[in-house]
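First up is the structure itself, then whatever we jot down about it.
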Amino acid sequence: MIKQIYSLITYEESVQTMEDGADHIGLVPMQNGGVPAHRVAHDLVDKIFDEAKRRGIKTVAIMLNKDTEEMIEIAKRVKPDILHIAGMDYTADATFAKALKEACPGIELMQAVLVDGPEAIERAKNYAEFSDYLLTDSGLAEDTGIGASGETHDWAIDAEIVRSVDIPVIIAGGLGADNVEECIRQIKPYGVDSLSKTSLKYEGGHMEKISEQVKLFCERADKAAKELGL
């Protein structure tokens, strides 16, 4: 069971998050989009990603803008394992996927899927035709795009998405140590993602990881997956 933790800001908390059990770590490289307090300078992204790759942990660059050329330039610069398109003003399409593969061989594409009703299933099927991963999430906001709401959604829709597509699906949206086991039991996904319930949020948008909650989230996700034979 892949445990994915977003949105890291400092090197120290990134290393701690890796040690607490994360398999994927995600952050927002400096760009024209997203909450300013969440953006990470590219030189610091390099340092964090280098350490993650040394440990065999996958790195995710979160895109919250709508400029496809900028996204690809950022991917070239910071070289993540996965580029996650999460903004509300732009979702990836086959043309972007082709351009990313040509410009950045080896970088995989993750598209966020807003789960706002049964219509999300068809949306997910469409994205799955050109994406390497899907991430299902709750809520839509101008500064955080699809997700970061801290709210859960109808997991029956996620379960149908997992059954309907042939690529890995990571579940996000209000997940923490308190509900990740039930989420895995109901959906049987490739991975689970946590942001709100494993972070302290401060005025101005700055966040800080709660190490104990990250560790507990990862431990409980692994426990549920082991019980189910996933």
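Labeling convention for the structure tokens: chains A, B, ... as they appear, residues from 1 per chain, ligands from 1 in order of appearance.
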
Select from segment 64-125 of chain A everything DSSP, run on the backbone, classes as helix (DSSP H, G or I), then give the selection as a PyMOL selection string. chain A and resi 68-78+94-103+119-125

List the spatial neighbours of Val169 of chain A as an NGL selection string - criterion: any atom at most 8 Å away, only C-alpha atoms, same-chain residues fewer than 3 positions off excluded. :A and (133-136 or 162 or 189-191)

Within 10 Å of Glu108 of chain A, counting only C-alpha atoms, which residues show up once you throw out same-chain ones fewer than 2 positions away? Write them as a list in words, please. Val60, Pro80, Asp81, Ile82, Leu83, His84, Ala97, Leu100, Lys101, Cys104, Pro105, Gly106, Met110, Ser131, Asp132 and Tyr133 of chain A

Restricting it to all heavy atoms, dump the selection as a compact mmCIF listing (two decimals), in the first residue's frame.
```
# COMPACT_ATOMS: atom_id res chain seq x y z
N VAL A 60 6.96 13.73 -5.95
CA VAL A 60 5.84 14.27 -6.71
C VAL A 60 5.92 15.80 -6.71
O VAL A 60 6.03 16.42 -5.64
CB VAL A 60 4.49 13.83 -6.10
CG1 VAL A 60 3.34 14.32 -6.98
CG2 VAL A 60 4.43 12.32 -5.91
N PRO A 80 10.99 15.53 -10.99
CA PRO A 80 10.27 14.64 -10.08
C PRO A 80 10.07 13.27 -10.73
O PRO A 80 10.24 13.11 -11.94
CB PRO A 80 8.92 15.34 -9.92
CG PRO A 80 8.71 15.98 -11.27
CD PRO A 80 10.09 16.46 -11.69
N ASP A 81 9.70 12.29 -9.94
CA ASP A 81 9.27 11.01 -10.51
C ASP A 81 7.89 11.15 -11.14
O ASP A 81 7.60 10.51 -12.15
CB ASP A 81 9.23 9.93 -9.43
CG ASP A 81 10.62 9.59 -8.90
OD1 ASP A 81 11.49 9.25 -9.72
OD2 ASP A 81 10.83 9.69 -7.68
N ILE A 82 7.04 11.99 -10.51
CA ILE A 82 5.65 12.15 -10.93
C ILE A 82 5.30 13.63 -10.96
O ILE A 82 5.64 14.38 -10.03
CB ILE A 82 4.69 11.43 -9.95
CG1 ILE A 82 5.01 9.93 -9.87
CG2 ILE A 82 3.23 11.64 -10.35
CD1 ILE A 82 4.29 9.21 -8.74
N LEU A 83 4.63 14.05 -12.02
CA LEU A 83 4.08 15.41 -12.09
C LEU A 83 2.58 15.29 -11.85
O LEU A 83 1.88 14.60 -12.59
CB LEU A 83 4.35 16.02 -13.47
CG LEU A 83 4.10 17.52 -13.58
CD1 LEU A 83 5.22 18.29 -12.88
CD2 LEU A 83 4.02 17.95 -15.05
N HIS A 84 2.11 15.97 -10.81
CA HIS A 84 0.69 15.88 -10.42
C HIS A 84 -0.04 17.15 -10.85
O HIS A 84 0.26 18.25 -10.37
CB HIS A 84 0.59 15.71 -8.90
CG HIS A 84 -0.80 15.68 -8.38
ND1 HIS A 84 -1.08 15.73 -7.03
CD2 HIS A 84 -2.01 15.62 -8.99
CE1 HIS A 84 -2.39 15.71 -6.86
NE2 HIS A 84 -2.97 15.63 -8.04
N ALA A 97 -0.01 15.19 -22.07
CA ALA A 97 0.68 13.96 -21.69
C ALA A 97 1.79 13.63 -22.70
O ALA A 97 2.92 13.27 -22.32
CB ALA A 97 -0.31 12.81 -21.59
N LEU A 100 4.68 16.14 -22.30
CA LEU A 100 5.47 15.85 -21.10
C LEU A 100 6.41 14.67 -21.35
O LEU A 100 7.59 14.73 -20.99
CB LEU A 100 4.53 15.54 -19.93
CG LEU A 100 5.22 15.13 -18.62
CD1 LEU A 100 6.04 16.29 -18.05
CD2 LEU A 100 4.19 14.67 -17.59
N LYS A 101 5.89 13.61 -21.95
CA LYS A 101 6.71 12.42 -22.21
C LYS A 101 7.87 12.74 -23.15
O LYS A 101 8.98 12.23 -22.99
CB LYS A 101 5.87 11.30 -22.81
CG LYS A 101 4.73 10.82 -21.94
CD LYS A 101 5.21 10.18 -20.66
CE LYS A 101 4.03 9.66 -19.84
NZ LYS A 101 4.44 9.11 -18.54
N CYS A 104 10.24 15.26 -21.09
CA CYS A 104 10.77 14.75 -19.83
C CYS A 104 10.62 13.22 -19.77
O CYS A 104 9.78 12.70 -19.03
CB CYS A 104 10.04 15.37 -18.65
SG CYS A 104 9.98 17.17 -18.66
N PRO A 105 11.39 12.49 -20.56
CA PRO A 105 11.26 11.03 -20.56
C PRO A 105 11.44 10.47 -19.15
O PRO A 105 12.35 10.88 -18.43
CB PRO A 105 12.40 10.59 -21.48
CG PRO A 105 12.68 11.76 -22.36
CD PRO A 105 12.42 12.96 -21.50
N GLY A 106 10.56 9.57 -18.78
CA GLY A 106 10.67 8.93 -17.47
C GLY A 106 9.81 9.57 -16.38
O GLY A 106 9.56 8.94 -15.35
N MET A 110 0.33 12.25 -13.08
CA MET A 110 -0.79 11.98 -12.18
C MET A 110 -1.83 13.09 -12.35
O MET A 110 -1.49 14.27 -12.25
CB MET A 110 -0.34 11.92 -10.72
CG MET A 110 -1.46 11.66 -9.71
SD MET A 110 -0.89 11.82 -7.99
CE MET A 110 0.24 10.45 -7.86
N SER A 131 -3.04 9.12 -18.53
CA SER A 131 -2.31 9.33 -17.28
C SER A 131 -1.65 8.04 -16.80
O SER A 131 -2.04 6.94 -17.20
CB SER A 131 -3.26 9.85 -16.19
OG SER A 131 -3.85 11.07 -16.57
N ASP A 132 -0.67 8.18 -15.91
CA ASP A 132 -0.02 7.02 -15.29
C ASP A 132 -0.63 6.71 -13.93
O ASP A 132 -0.56 5.56 -13.48
CB ASP A 132 1.48 7.29 -15.13
CG ASP A 132 2.16 7.52 -16.47
OD1 ASP A 132 2.20 6.57 -17.27
OD2 ASP A 132 2.61 8.65 -16.73
N TYR A 133 -1.17 7.72 -13.27
CA TYR A 133 -1.85 7.58 -11.99
C TYR A 133 -3.06 8.50 -11.97
O TYR A 133 -3.07 9.54 -12.63
CB TYR A 133 -0.96 8.03 -10.81
CG TYR A 133 0.34 7.32 -10.62
CD1 TYR A 133 1.48 7.70 -11.32
CD2 TYR A 133 0.45 6.28 -9.69
CE1 TYR A 133 2.69 7.08 -11.13
CE2 TYR A 133 1.67 5.64 -9.49
CZ TYR A 133 2.79 6.05 -10.20
OH TYR A 133 4.00 5.42 -10.01
```

Taking only residues of segment 77-102 of chain A that have an atom at most 12 Å from an atom of segment 30-35 of chain A, what is each one's shortest atom pair and its distance in Å to one decimal, using only C-alpha atoms, in chain and number order, as CSV?
```
residue,atom,partner,partner_atom,distance
A:Arg77,CA,A:Met30,CA,10.9
A:Val78,CA,A:Met30,CA,10.2
A:Ile85,CA,A:Gly33,CA,11.7
A:Ala86,CA,A:Gly34,CA,9.8
A:Gly87,CA,A:Gly34,CA,8.2
A:Met88,CA,A:Gly34,CA,10.4
A:Asp89,CA,A:Gly33,CA,10.3
A:Tyr90,CA,A:Gly33,CA,11.4
```

From the DSSP assignment of the backbone, select every residue of segment 38-228 of chain A that is strand (DSSP E or B), and format the answer as an MDAnalysis selection string. chainID A and resid 39:40 58:63 82:85 108:114 133:137 140:141 145:146 169:171 191:194 199:201 207:209

Quick one: everything within 12 Å of Gly21 of chain A, counting only C-alpha atoms, minus sequence neighbours fewer than 4 positions away in the same chain. Send it as a PDB file with N, CA and C atoms, in the first residue's frame.
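Final output, saved to result_24.pdb:
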```
ATOM      1  N   MET A   1       0.847  -1.194   0.000  1.00  0.00           N
ATOM      2  CA  MET A   1       0.000   0.000   0.000  1.00  0.00           C
ATOM      3  C   MET A   1       0.879   1.240   0.000  1.00  0.00           C
ATOM      4  N   ILE A   2       0.744   2.042  -1.045  1.00  0.00           N
ATOM      5  CA  ILE A   2       1.527   3.272  -1.154  1.00  0.00           C
ATOM      6  C   ILE A   2       0.942   4.330  -0.220  1.00  0.00           C
ATOM      7  N   LYS A   3       1.815   4.910   0.592  1.00  0.00           N
ATOM      8  CA  LYS A   3       1.414   6.016   1.474  1.00  0.00           C
ATOM      9  C   LYS A   3       2.038   7.298   0.936  1.00  0.00           C
ATOM     10  N   GLN A   4       1.180   8.237   0.568  1.00  0.00           N
ATOM     11  CA  GLN A   4       1.620   9.484  -0.051  1.00  0.00           C
ATOM     12  C   GLN A   4       1.320  10.645   0.890  1.00  0.00           C
ATOM     13  N   ILE A   5       2.329  11.474   1.140  1.00  0.00           N
ATOM     14  CA  ILE A   5       2.166  12.601   2.062  1.00  0.00           C
ATOM     15  C   ILE A   5       2.485  13.902   1.343  1.00  0.00           C
ATOM     16  N   SER A  14      10.632  16.919   5.581  1.00  0.00           N
ATOM     17  CA  SER A  14      10.604  15.957   4.484  1.00  0.00           C
ATOM     18  C   SER A  14      11.340  14.683   4.871  1.00  0.00           C
ATOM     19  N   VAL A  15      12.509  14.837   5.456  1.00  0.00           N
ATOM     20  CA  VAL A  15      13.276  13.668   5.909  1.00  0.00           C
ATOM     21  C   VAL A  15      12.511  12.916   6.988  1.00  0.00           C
ATOM     22  N   GLN A  16      11.910  13.643   7.913  1.00  0.00           N
ATOM     23  CA  GLN A  16      11.149  12.991   8.984  1.00  0.00           C
ATOM     24  C   GLN A  16       9.962  12.223   8.405  1.00  0.00           C
ATOM     25  N   THR A  17       9.306  12.807   7.407  1.00  0.00           N
ATOM     26  CA  THR A  17       8.172  12.150   6.766  1.00  0.00           C
ATOM     27  C   THR A  17       8.601  10.850   6.088  1.00  0.00           C
ATOM     28  N   ILE A  25       6.391  11.354  -1.581  1.00  0.00           N
ATOM     29  CA  ILE A  25       6.297  12.674  -0.945  1.00  0.00           C
ATOM     30  C   ILE A  25       6.018  13.703  -2.026  1.00  0.00           C
ATOM     31  N   ALA A  52      15.187  11.916  -1.143  1.00  0.00           N
ATOM     32  CA  ALA A  52      14.128  10.933  -1.347  1.00  0.00           C
ATOM     33  C   ALA A  52      14.579   9.848  -2.315  1.00  0.00           C
ATOM     34  N   ARG A  55      16.792   7.304  -0.902  1.00  0.00           N
ATOM     35  CA  ARG A  55      16.089   6.363  -0.038  1.00  0.00           C
ATOM     36  C   ARG A  55      15.101   5.471  -0.802  1.00  0.00           C
ATOM     37  N   GLY A  56      14.981   5.682  -2.109  1.00  0.00           N
ATOM     38  CA  GLY A  56      14.040   4.895  -2.890  1.00  0.00           C
ATOM     39  C   GLY A  56      12.595   5.326  -2.734  1.00  0.00           C
ATOM     40  N   ILE A  57      12.382   6.597  -2.392  1.00  0.00           N
ATOM     41  CA  ILE A  57      11.033   7.147  -2.205  1.00  0.00           C
ATOM     42  C   ILE A  57      10.688   8.003  -3.423  1.00  0.00           C
ATOM     43  N   SER A 211       4.539  14.651  12.948  1.00  0.00           N
ATOM     44  CA  SER A 211       5.257  13.399  12.722  1.00  0.00           C
ATOM     45  C   SER A 211       4.510  12.192  13.278  1.00  0.00           C
ATOM     46  N   GLU A 212       3.961  12.333  14.473  1.00  0.00           N
ATOM     47  CA  GLU A 212       3.270  11.203  15.095  1.00  0.00           C
ATOM     48  C   GLU A 212       2.061  10.761  14.266  1.00  0.00           C
ATOM     49  N   GLN A 213       1.351  11.730  13.678  1.00  0.00           N
ATOM     50  CA  GLN A 213       0.185  11.399  12.869  1.00  0.00           C
ATOM     51  C   GLN A 213       0.584  10.789  11.518  1.00  0.00           C
ATOM     52  N   VAL A 214       1.678  11.272  10.943  1.00  0.00           N
ATOM     53  CA  VAL A 214       2.171  10.673   9.697  1.00  0.00           C
ATOM     54  C   VAL A 214       2.543   9.214   9.940  1.00  0.00           C
ATOM     55  N   LYS A 215       3.265   8.969  11.006  1.00  0.00           N
ATOM     56  CA  LYS A 215       3.705   7.603  11.317  1.00  0.00           C
ATOM     57  C   LYS A 215       2.512   6.693  11.568  1.00  0.00           C
ATOM     58  N   LEU A 216       1.533   7.172  12.331  1.00  0.00           N
ATOM     59  CA  LEU A 216       0.356   6.368  12.633  1.00  0.00           C
ATOM     60  C   LEU A 216      -0.461   6.096  11.371  1.00  0.00           C
ATOM     61  N   PHE A 217      -0.597   7.097  10.514  1.00  0.00           N
ATOM     62  CA  PHE A 217      -1.298   6.930   9.238  1.00  0.00           C
ATOM     63  C   PHE A 217      -0.646   5.826   8.412  1.00  0.00           C
ATOM     64  N   CYS A 218       0.678   5.877   8.305  1.00  0.00           N
ATOM     65  CA  CYS A 218       1.405   4.888   7.508  1.00  0.00           C
ATOM     66  C   CYS A 218       1.293   3.499   8.123  1.00  0.00           C
ATOM     67  N   GLU A 219       1.415   3.410   9.427  1.00  0.00           N
ATOM     68  CA  GLU A 219       1.324   2.112  10.100  1.00  0.00           C
ATOM     69  C   GLU A 219      -0.052   1.480   9.911  1.00  0.00           C
ATOM     70  N   ARG A 220      -1.092   2.279  10.044  1.00  0.00           N
ATOM     71  CA  ARG A 220      -2.453   1.739   9.922  1.00  0.00           C
ATOM     72  C   ARG A 220      -2.789   1.387   8.474  1.00  0.00           C
ATOM     73  N   ALA A 221      -2.257   2.148   7.543  1.00  0.00           N
ATOM     74  CA  ALA A 221      -2.469   1.803   6.134  1.00  0.00           C
ATOM     75  C   ALA A 221      -1.814   0.462   5.820  1.00  0.00           C
ATOM     76  N   ASP A 222      -0.601   0.280   6.291  1.00  0.00           N
ATOM     77  CA  ASP A 222       0.095  -0.988   6.074  1.00  0.00           C
ATOM     78  C   ASP A 222      -0.629  -2.150   6.747  1.00  0.00           C
TER      79      ASP A 222
END
```

What separation in Å, quoted to one decimal, exists between atom CA of Ala22 of chain A and atom CA of Glu129 of chain A? 27.5 Å

Counting only C-alpha atoms, the residue among A:Asp154, A:Lys201, A:Ala99, A:Lys223 that lies closest to Ala177 of chain A is A:Lys223

Would you mind telling me which residue in A:Ile107, A:Leu230, A:Met207, A:Ala124 lies nearest to Glu13 of chain A when using only C-alpha atoms? A:Met207
